[in-house]
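Participant: Sharing a structure here in structure tokens format.
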Amino acid sequence: MAQQLMVAVVVVLLLHLLHLPTSITSSTSTSTSTSNSTSNAASSANHANAIPHHPDFQHFNVKEIIAETKNKPAEVSPKGEVLGTHESSEGKWKLRLLHRDKITAASHSVKFEDRFHELVKRDVRRVGTLIRRLRVNSTSTGPYEVEEDFGSDVVSGMEQGSGEYFVRIGVGSPPTSQYMVIDSGSDIVWVQCQPCNQCYRQSDPVFDPADSASFTGVSCSSSVCDRLENAGCHAGRCRYEVSYGDGSYTKGTLALETLTFGRAVIRNVAIGCGHTNRGMFIGAAGLLGLGGGSMSFVDQLGGQAGGAFSYCLVSRGTGTSGSLEFGRGAMPMGAAWVPLLRNPRAPSFYYVGLSGLGVGGTQIPISEDVFRLTELGYGGVVMDTGTAVTRLPTSAYEVFRDAYITQTGNLPRAPGVSIFDTCYDLSGFVSVRVPTVSFYFSSGPILTLPGRNFLIPVDEGGTFCFAFSPTPSGLTIIGNIQQEGIQITFDGANGFVGFGPNVC
């Protein structure tokens, strides 16, 4: 009888395990069907409220992720032609995105723990920059800070500590291959240029305008120069200057130049030609701004891309690359669509409405007002590729964190690490069962994250931390760690952002 009872218990446990979602399944659990026409994004968003499956728990593969921390990132050669898969077809262009560590040799000799701490330092500076940028814009039309994506592969900078992603494009005619940092929170496109009064180290030779037949300077009286928020004039040429909260900056002249993405050639793109540059852009030649402002690469493309682009940020440590696509042909079927909100104080930022957060399949008691974008442009929720760790207002974070701790009481705790106050010692586990974590959007969709998007390793020894952090600011920032592995599409023309249906 005892043996029969034991067999029955084992069978029940196995059946239970079979019905637990994997991290990939949970990341797409919010996907719903859209209409066949990409122009009907609003209609698609309305249908996104029907969520077919919302799991409570998932299995988290501890052993696999610890093994990834011990792998040295495979470096990509910076030489030769534009690397990776570059596809262009009617209505879309696709590029490869890479982690920053793949293009810099420095990351290959540094331990994972050291790379992690460098990431946090850069991330803290980034968040400070975004917050200061909003404060500056609320009081003046002075300088703004820039951060950084046509179809290309995306490289992640987690292991390098940059929190940034890179794409490889051609600049000039004939095209010179260059790595560019992508940033959904910035507008200006710029590269380091010869003659270089002051330049930081980059993977490729610095671009020389004298070698390009398509390089054309922009005059001070040009309408393009008028679109710059911080334009200057020297010897009849339009000058730009962009500064960052961490002391980084780029200064130079504005020009029209040809950019090449595989077989796609885009002419007369307004770019900054930086002759004086300082900062933390090691490896990259410059920045490719994908923000919502008029100088953004997306906006400059106009009808060529229809205001649409899509990206998949590769998961950290996997050794693979993500992708970046431009054009309405990149609009996926079956995404869950969420309306974009506009903030006149920060036109570069992509805001979304968030009604709450969930742990273990249940929305926790946080007032929606905590996440609301006010009429004066304060608060709100920004989607940002340049920030690594999601930031939440302190009051929301504490309730969120406590709910997660309550449901992980069976896991051994570890001391806090850096900006993380909720950590676990999982060194003795092959896998663990963890509660799901979800974003509840104001329009209805619920985005449930894979476990590796909210429980991240901070060393090679099995210490994992809850990958959210509080901020005294009212601004919520959804960072790239929480976006990794999920297809994200911005339809700026119709004012929507889509999640899924694909994973990457």
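Following the order of the structure tokens, first chain is A, next is B, and so on, with residues numbered from 1 inside each chain and ligands from 1 in the order they appear.
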I'd like the contact shell of Pro470 of chain A - 7 Å cut-off, only C-alpha atoms, skipping same-chain residues fewer than 6 positions apart - returned as a PDB file with all heavy atoms, in the first residue's frame.
Facilitator:
ATOM      1  N   ARG A 391      13.966  50.559 -13.448  1.00  0.00           N
ATOM      2  CA  ARG A 391      13.834  51.394 -12.248  1.00  0.00           C
ATOM      3  C   ARG A 391      12.361  51.658 -11.970  1.00  0.00           C
ATOM      4  O   ARG A 391      11.585  51.942 -12.882  1.00  0.00           O
ATOM      5  CB  ARG A 391      14.551  52.736 -12.421  1.00  0.00           C
ATOM      6  CG  ARG A 391      16.053  52.669 -12.647  1.00  0.00           C
ATOM      7  CD  ARG A 391      16.771  51.793 -11.651  1.00  0.00           C
ATOM      8  NE  ARG A 391      18.175  52.132 -11.493  1.00  0.00           N
ATOM      9  CZ  ARG A 391      19.160  51.734 -12.292  1.00  0.00           C
ATOM     10  NH1 ARG A 391      18.880  50.996 -13.341  1.00  0.00           N
ATOM     11  NH2 ARG A 391      20.416  52.064 -12.050  1.00  0.00           N
ATOM     12  N   LEU A 392      11.993  51.566 -10.687  1.00  0.00           N
ATOM     13  CA  LEU A 392      10.629  51.810 -10.246  1.00  0.00           C
ATOM     14  C   LEU A 392      10.645  52.851  -9.145  1.00  0.00           C
ATOM     15  O   LEU A 392      11.578  52.879  -8.333  1.00  0.00           O
ATOM     16  CB  LEU A 392       9.994  50.521  -9.711  1.00  0.00           C
ATOM     17  CG  LEU A 392       9.894  49.333 -10.668  1.00  0.00           C
ATOM     18  CD1 LEU A 392       9.506  48.071  -9.896  1.00  0.00           C
ATOM     19  CD2 LEU A 392       8.889  49.620 -11.770  1.00  0.00           C
ATOM     20  N   PRO A 393       9.614  53.728  -9.071  1.00  0.00           N
ATOM     21  CA  PRO A 393       9.508  54.634  -7.922  1.00  0.00           C
ATOM     22  C   PRO A 393       9.580  53.828  -6.624  1.00  0.00           C
ATOM     23  O   PRO A 393       9.040  52.712  -6.548  1.00  0.00           O
ATOM     24  CB  PRO A 393       8.139  55.281  -8.122  1.00  0.00           C
ATOM     25  CG  PRO A 393       7.902  55.221  -9.605  1.00  0.00           C
ATOM     26  CD  PRO A 393       8.517  53.919 -10.049  1.00  0.00           C
ATOM     27  N   THR A 394      10.248  54.370  -5.635  1.00  0.00           N
ATOM     28  CA  THR A 394      10.538  53.619  -4.412  1.00  0.00           C
ATOM     29  C   THR A 394       9.302  52.977  -3.798  1.00  0.00           C
ATOM     30  O   THR A 394       9.335  51.803  -3.381  1.00  0.00           O
ATOM     31  CB  THR A 394      11.219  54.538  -3.379  1.00  0.00           C
ATOM     32  OG1 THR A 394      12.436  55.057  -3.956  1.00  0.00           O
ATOM     33  CG2 THR A 394      11.560  53.773  -2.115  1.00  0.00           C
ATOM     34  N   TYR A 397       8.370  49.990  -5.867  1.00  0.00           N
ATOM     35  CA  TYR A 397       9.390  48.938  -5.783  1.00  0.00           C
ATOM     36  C   TYR A 397       9.279  48.141  -4.490  1.00  0.00           C
ATOM     37  O   TYR A 397       9.372  46.910  -4.502  1.00  0.00           O
ATOM     38  CB  TYR A 397      10.793  49.553  -5.895  1.00  0.00           C
ATOM     39  CG  TYR A 397      11.875  48.543  -5.570  1.00  0.00           C
ATOM     40  CD1 TYR A 397      12.235  47.575  -6.503  1.00  0.00           C
ATOM     41  CD2 TYR A 397      12.492  48.525  -4.318  1.00  0.00           C
ATOM     42  CE1 TYR A 397      13.195  46.622  -6.210  1.00  0.00           C
ATOM     43  CE2 TYR A 397      13.450  47.564  -4.013  1.00  0.00           C
ATOM     44  CZ  TYR A 397      13.792  46.625  -4.964  1.00  0.00           C
ATOM     45  OH  TYR A 397      14.729  45.662  -4.656  1.00  0.00           O
TER      46      TYR A 397
END
Participant: I'd like the neighbourhood of segment 490-501 of chain A as a list in words, where a residue qualifies if any of its atoms comes within 7 Å (using only C-alpha atoms), though same-chain residues fewer than 2 positions away should be ignored.
Facilitator: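 Within the cut-off, the hits are Thr28, Ser31, Ala41, Gly306, Gly307, Ala308, Phe309, Ser310, Gly334, Ala335, Ala336, Trp337, Val338, Pro339, Leu340, Ile486, Gln487, Ile488 and Val503 of chain A.
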Participant: I need the residues from that last selection saved to file as a CSV table (one decimal), in the first residue's frame (with C-alpha atoms), if you can.
Facilitator:
chain,number,residue,atom,x,y,z
A,28,THR,CA,5.0,35.1,-25.0
A,31,SER,CA,0.6,37.4,-27.4
A,41,ALA,CA,-2.6,48.7,-35.1
A,306,GLY,CA,6.8,54.3,-42.3
A,307,GLY,CA,7.9,55.2,-38.8
A,308,ALA,CA,8.3,51.5,-37.8
A,309,PHE,CA,11.1,49.5,-36.4
A,310,SER,CA,11.5,46.3,-34.4
A,334,GLY,CA,0.1,38.4,-33.4
A,335,ALA,CA,1.8,41.1,-31.2
A,336,ALA,CA,0.1,42.5,-28.1
A,337,TRP,CA,-0.1,46.3,-28.9
A,338,VAL,CA,0.1,49.0,-26.3
A,339,PRO,CA,-0.5,52.7,-27.0
A,340,LEU,CA,2.5,55.0,-27.0
A,486,ILE,CA,11.2,39.4,-26.6
A,487,GLN,CA,10.4,40.9,-30.0
A,488,ILE,CA,9.6,44.6,-29.5
A,503,VAL,CA,11.1,35.3,-29.0
Participant: Got a sec: who's within 7 Å of Tyr424 of chain A, counting only C-alpha atoms, leaving out chain neighbours fewer than 5 positions off, as a short mmCIF file (atom, residue, chain, number, x, y, z; two decimals) with C-alpha atoms, in the first residue's frame?
Facilitator:
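What follows is the written file part.cif:
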data_model
loop_
_atom_site.label_atom_id
_atom_site.label_comp_id
_atom_site.auth_asym_id
_atom_site.auth_seq_id
_atom_site.Cartn_x
_atom_site.Cartn_y
_atom_site.Cartn_z
CA LEU A 411 14.96 29.95 -1.49
CA PRO A 412 18.14 30.72 0.52
CA ARG A 413 18.85 34.45 0.69
CA ALA A 414 22.19 36.15 0.08
CA THR A 463 24.42 34.50 -6.46
CA PHE A 464 21.31 35.79 -8.24
CA CYS A 465 19.50 39.08 -7.62
#
Participant: Which of these residues is nearest to Thr436 of chain A, using only C-alpha atoms: A:Gly170, A:Gly293, A:Gly451, A:Pro365?
Facilitator: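 Ranked by minimum distance to Thr436 of chain A, first place goes to A:Gly451.
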Participant: Could you jot down the atom CA of Trp190 of chain A to atom CA of Gly286 of chain A separation for me, Å, one decimal place?
Facilitator: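 Separation of atom CA of Trp190 of chain A and atom CA of Gly286 of chain A: 5.4 Å.
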Participant: Hey, can you check how far atom CA of Phe326 of chain A sits from atom CA of Gly444 of chain A?
Facilitator: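 Those two atoms sit 26.6 Å apart.
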Participant: Measure the distance from atom CA of Phe468 of chain A to atom CA of Thr387 of chain A in Å and round it to one decimal.
Facilitator: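 Distance between the two atoms: 11.6 Å.
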Participant: Can you build me a table of segment 193-231 of chain A residues sitting at most 9 Å from segment 295-301 of chain A, with the closest atom pair per residue and its distance in Å to one decimal, using only C-alpha atoms, sorted by chain and residue number, as JSON lines?
Facilitator:
{"residue": "A:Val224", "atom": "CA", "partner": "A:Met295", "partner_atom": "CA", "distance": 8.5}
{"residue": "A:Arg227", "atom": "CA", "partner": "A:Met295", "partner_atom": "CA", "distance": 7.0}
{"residue": "A:Leu228", "atom": "CA", "partner": "A:Met295", "partner_atom": "CA", "distance": 7.3}
Participant: Write the residues of the preceding selection, restricted to all heavy atoms, as a JSON list (two decimals), in the first residue's frame.
Facilitator:
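In the end it all went to again-v4.json:
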[["chain", "number", "residue", "atom", "x", "y", "z"],
["A", 224, "VAL", "N", 17.80, 71.96, -41.81],
["A", 224, "VAL", "CA", 18.27, 70.83, -41.01],
["A", 224, "VAL", "C", 18.96, 71.33, -39.75],
["A", 224, "VAL", "O", 18.76, 70.81, -38.65],
["A", 224, "VAL", "CB", 19.24, 69.94, -41.82],
["A", 224, "VAL", "CG1", 19.80, 68.81, -40.95],
["A", 224, "VAL", "CG2", 18.55, 69.39, -43.04],
["A", 227, "ARG", "N", 16.69, 72.31, -36.90],
["A", 227, "ARG", "CA", 16.05, 71.23, -36.14],
["A", 227, "ARG", "C", 16.87, 70.81, -34.93],
["A", 227, "ARG", "O", 16.36, 70.13, -34.04],
["A", 227, "ARG", "CB", 15.80, 70.03, -37.05],
["A", 227, "ARG", "CG", 14.70, 70.29, -38.08],
["A", 227, "ARG", "CD", 14.81, 69.36, -39.27],
["A", 227, "ARG", "NE", 14.67, 67.96, -38.92],
["A", 227, "ARG", "CZ", 14.82, 66.96, -39.80],
["A", 227, "ARG", "NH1", 15.14, 67.23, -41.05],
["A", 227, "ARG", "NH2", 14.64, 65.71, -39.42],
["A", 228, "LEU", "N", 18.13, 71.22, -34.88],
["A", 228, "LEU", "CA", 18.96, 70.89, -33.73],
["A", 228, "LEU", "C", 18.55, 71.73, -32.52],
["A", 228, "LEU", "O", 18.32, 72.94, -32.65],
["A", 228, "LEU", "CB", 20.43, 71.16, -34.04],
["A", 228, "LEU", "CG", 21.20, 70.14, -34.86],
["A", 228, "LEU", "CD1", 22.60, 70.65, -35.15],
["A", 228, "LEU", "CD2", 21.27, 68.81, -34.13]]
Participant: Quick one: everything within 12 Å of Pro205 of chain A, counting only C-alpha atoms, minus sequence neighbours fewer than 5 positions away in the same chain. Send it as a list in words.
Facilitator: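 Contacts, with the query itself left out: Pro78, Lys79, Gly80, Val171, Thr176, Ser177, Gln178, Tyr179, Val191, Gln192, Cys193, Gln194, Cys196, Cys199, Tyr200, Gly283, Ala284 and Ala285 of chain A.
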Participant: Output N, CA, C and O atoms for every residue in that selection, as a PDB file, in the first residue's frame.
Facilitator:
ATOM      1  N   PRO A  78      36.451  43.135 -36.086  1.00  0.00           N
ATOM      2  CA  PRO A  78      35.968  44.432 -36.559  1.00  0.00           C
ATOM      3  C   PRO A  78      36.389  44.729 -37.994  1.00  0.00           C
ATOM      4  O   PRO A  78      36.041  45.770 -38.534  1.00  0.00           O
ATOM      5  N   LYS A  79      37.183  43.843 -38.589  1.00  0.00           N
ATOM      6  CA  LYS A  79      37.727  44.131 -39.907  1.00  0.00           C
ATOM      7  C   LYS A  79      36.777  43.719 -41.020  1.00  0.00           C
ATOM      8  O   LYS A  79      35.874  42.928 -40.835  1.00  0.00           O
ATOM      9  N   GLY A  80      37.029  44.276 -42.190  1.00  0.00           N
ATOM     10  CA  GLY A  80      36.316  43.821 -43.380  1.00  0.00           C
ATOM     11  C   GLY A  80      34.962  44.466 -43.561  1.00  0.00           C
ATOM     12  O   GLY A  80      34.686  45.553 -43.086  1.00  0.00           O
ATOM     13  N   VAL A 171      29.304  53.739 -43.422  1.00  0.00           N
ATOM     14  CA  VAL A 171      29.204  55.200 -43.423  1.00  0.00           C
ATOM     15  C   VAL A 171      29.977  55.746 -44.614  1.00  0.00           C
ATOM     16  O   VAL A 171      31.153  55.412 -44.817  1.00  0.00           O
ATOM     17  N   THR A 176      32.317  52.813 -45.243  1.00  0.00           N
ATOM     18  CA  THR A 176      33.301  52.391 -44.260  1.00  0.00           C
ATOM     19  C   THR A 176      32.557  51.721 -43.112  1.00  0.00           C
ATOM     20  O   THR A 176      31.688  52.339 -42.489  1.00  0.00           O
ATOM     21  N   SER A 177      32.869  50.471 -42.829  1.00  0.00           N
ATOM     22  CA  SER A 177      32.145  49.727 -41.793  1.00  0.00           C
ATOM     23  C   SER A 177      32.454  50.274 -40.409  1.00  0.00           C
ATOM     24  O   SER A 177      33.626  50.456 -40.054  1.00  0.00           O
ATOM     25  N   GLN A 178      31.406  50.520 -39.620  1.00  0.00           N
ATOM     26  CA  GLN A 178      31.559  51.083 -38.292  1.00  0.00           C
ATOM     27  C   GLN A 178      30.533  50.448 -37.342  1.00  0.00           C
ATOM     28  O   GLN A 178      29.403  50.159 -37.734  1.00  0.00           O
ATOM     29  N   TYR A 179      30.939  50.263 -36.078  1.00  0.00           N
ATOM     30  CA  TYR A 179      29.996  49.853 -35.035  1.00  0.00           C
ATOM     31  C   TYR A 179      29.338  51.093 -34.452  1.00  0.00           C
ATOM     32  O   TYR A 179      30.014  52.069 -34.115  1.00  0.00           O
ATOM     33  N   VAL A 191      29.130  60.138 -35.667  1.00  0.00           N
ATOM     34  CA  VAL A 191      30.315  59.281 -35.693  1.00  0.00           C
ATOM     35  C   VAL A 191      31.541  60.141 -35.423  1.00  0.00           C
ATOM     36  O   VAL A 191      31.554  61.344 -35.681  1.00  0.00           O
ATOM     37  N   GLN A 192      32.582  59.511 -34.897  1.00  0.00           N
ATOM     38  CA  GLN A 192      33.864  60.207 -34.756  1.00  0.00           C
ATOM     39  C   GLN A 192      34.446  60.449 -36.148  1.00  0.00           C
ATOM     40  O   GLN A 192      34.337  59.592 -37.031  1.00  0.00           O
ATOM     41  N   CYS A 193      35.049  61.627 -36.327  1.00  0.00           N
ATOM     42  CA  CYS A 193      35.543  62.002 -37.650  1.00  0.00           C
ATOM     43  C   CYS A 193      36.971  62.525 -37.607  1.00  0.00           C
ATOM     44  O   CYS A 193      37.394  63.153 -36.633  1.00  0.00           O
ATOM     45  N   GLN A 194      37.680  62.289 -38.704  1.00  0.00           N
ATOM     46  CA  GLN A 194      38.965  62.938 -38.938  1.00  0.00           C
ATOM     47  C   GLN A 194      38.722  64.316 -39.557  1.00  0.00           C
ATOM     48  O   GLN A 194      37.749  64.485 -40.295  1.00  0.00           O
ATOM     49  N   CYS A 196      40.755  64.427 -36.093  1.00  0.00           N
ATOM     50  CA  CYS A 196      40.263  64.167 -34.752  1.00  0.00           C
ATOM     51  C   CYS A 196      41.064  64.983 -33.738  1.00  0.00           C
ATOM     52  O   CYS A 196      42.223  64.673 -33.464  1.00  0.00           O
ATOM     53  N   CYS A 199      39.705  62.118 -29.634  1.00  0.00           N
ATOM     54  CA  CYS A 199      38.836  60.965 -29.878  1.00  0.00           C
ATOM     55  C   CYS A 199      39.152  59.851 -28.889  1.00  0.00           C
ATOM     56  O   CYS A 199      40.296  59.698 -28.456  1.00  0.00           O
ATOM     57  N   TYR A 200      38.146  59.090 -28.521  1.00  0.00           N
ATOM     58  CA  TYR A 200      38.341  57.908 -27.699  1.00  0.00           C
ATOM     59  C   TYR A 200      38.674  56.724 -28.618  1.00  0.00           C
ATOM     60  O   TYR A 200      38.522  56.801 -29.842  1.00  0.00           O
ATOM     61  N   GLY A 283      34.883  51.208 -28.269  1.00  0.00           N
ATOM     62  CA  GLY A 283      34.538  50.205 -29.268  1.00  0.00           C
ATOM     63  C   GLY A 283      33.684  50.767 -30.381  1.00  0.00           C
ATOM     64  O   GLY A 283      33.940  50.529 -31.558  1.00  0.00           O
ATOM     65  N   ALA A 284      32.661  51.528 -30.038  1.00  0.00           N
ATOM     66  CA  ALA A 284      31.739  52.062 -31.045  1.00  0.00           C
ATOM     67  C   ALA A 284      32.310  53.319 -31.687  1.00  0.00           C
ATOM     68  O   ALA A 284      33.044  54.082 -31.072  1.00  0.00           O
ATOM     69  N   ALA A 285      31.923  53.536 -32.949  1.00  0.00           N
ATOM     70  CA  ALA A 285      32.348  54.736 -33.665  1.00  0.00           C
ATOM     71  C   ALA A 285      31.449  55.918 -33.354  1.00  0.00           C
ATOM     72  O   ALA A 285      31.829  57.070 -33.552  1.00  0.00           O
TER      73      ALA A 285
END
Participant: Could you tell me which of A:Phe116, A:Phe454, A:Tyr311, A:Trp93 comes closest to Ile266 of chain A if we count only C-alpha atoms?
Facilitator: A:Trp93
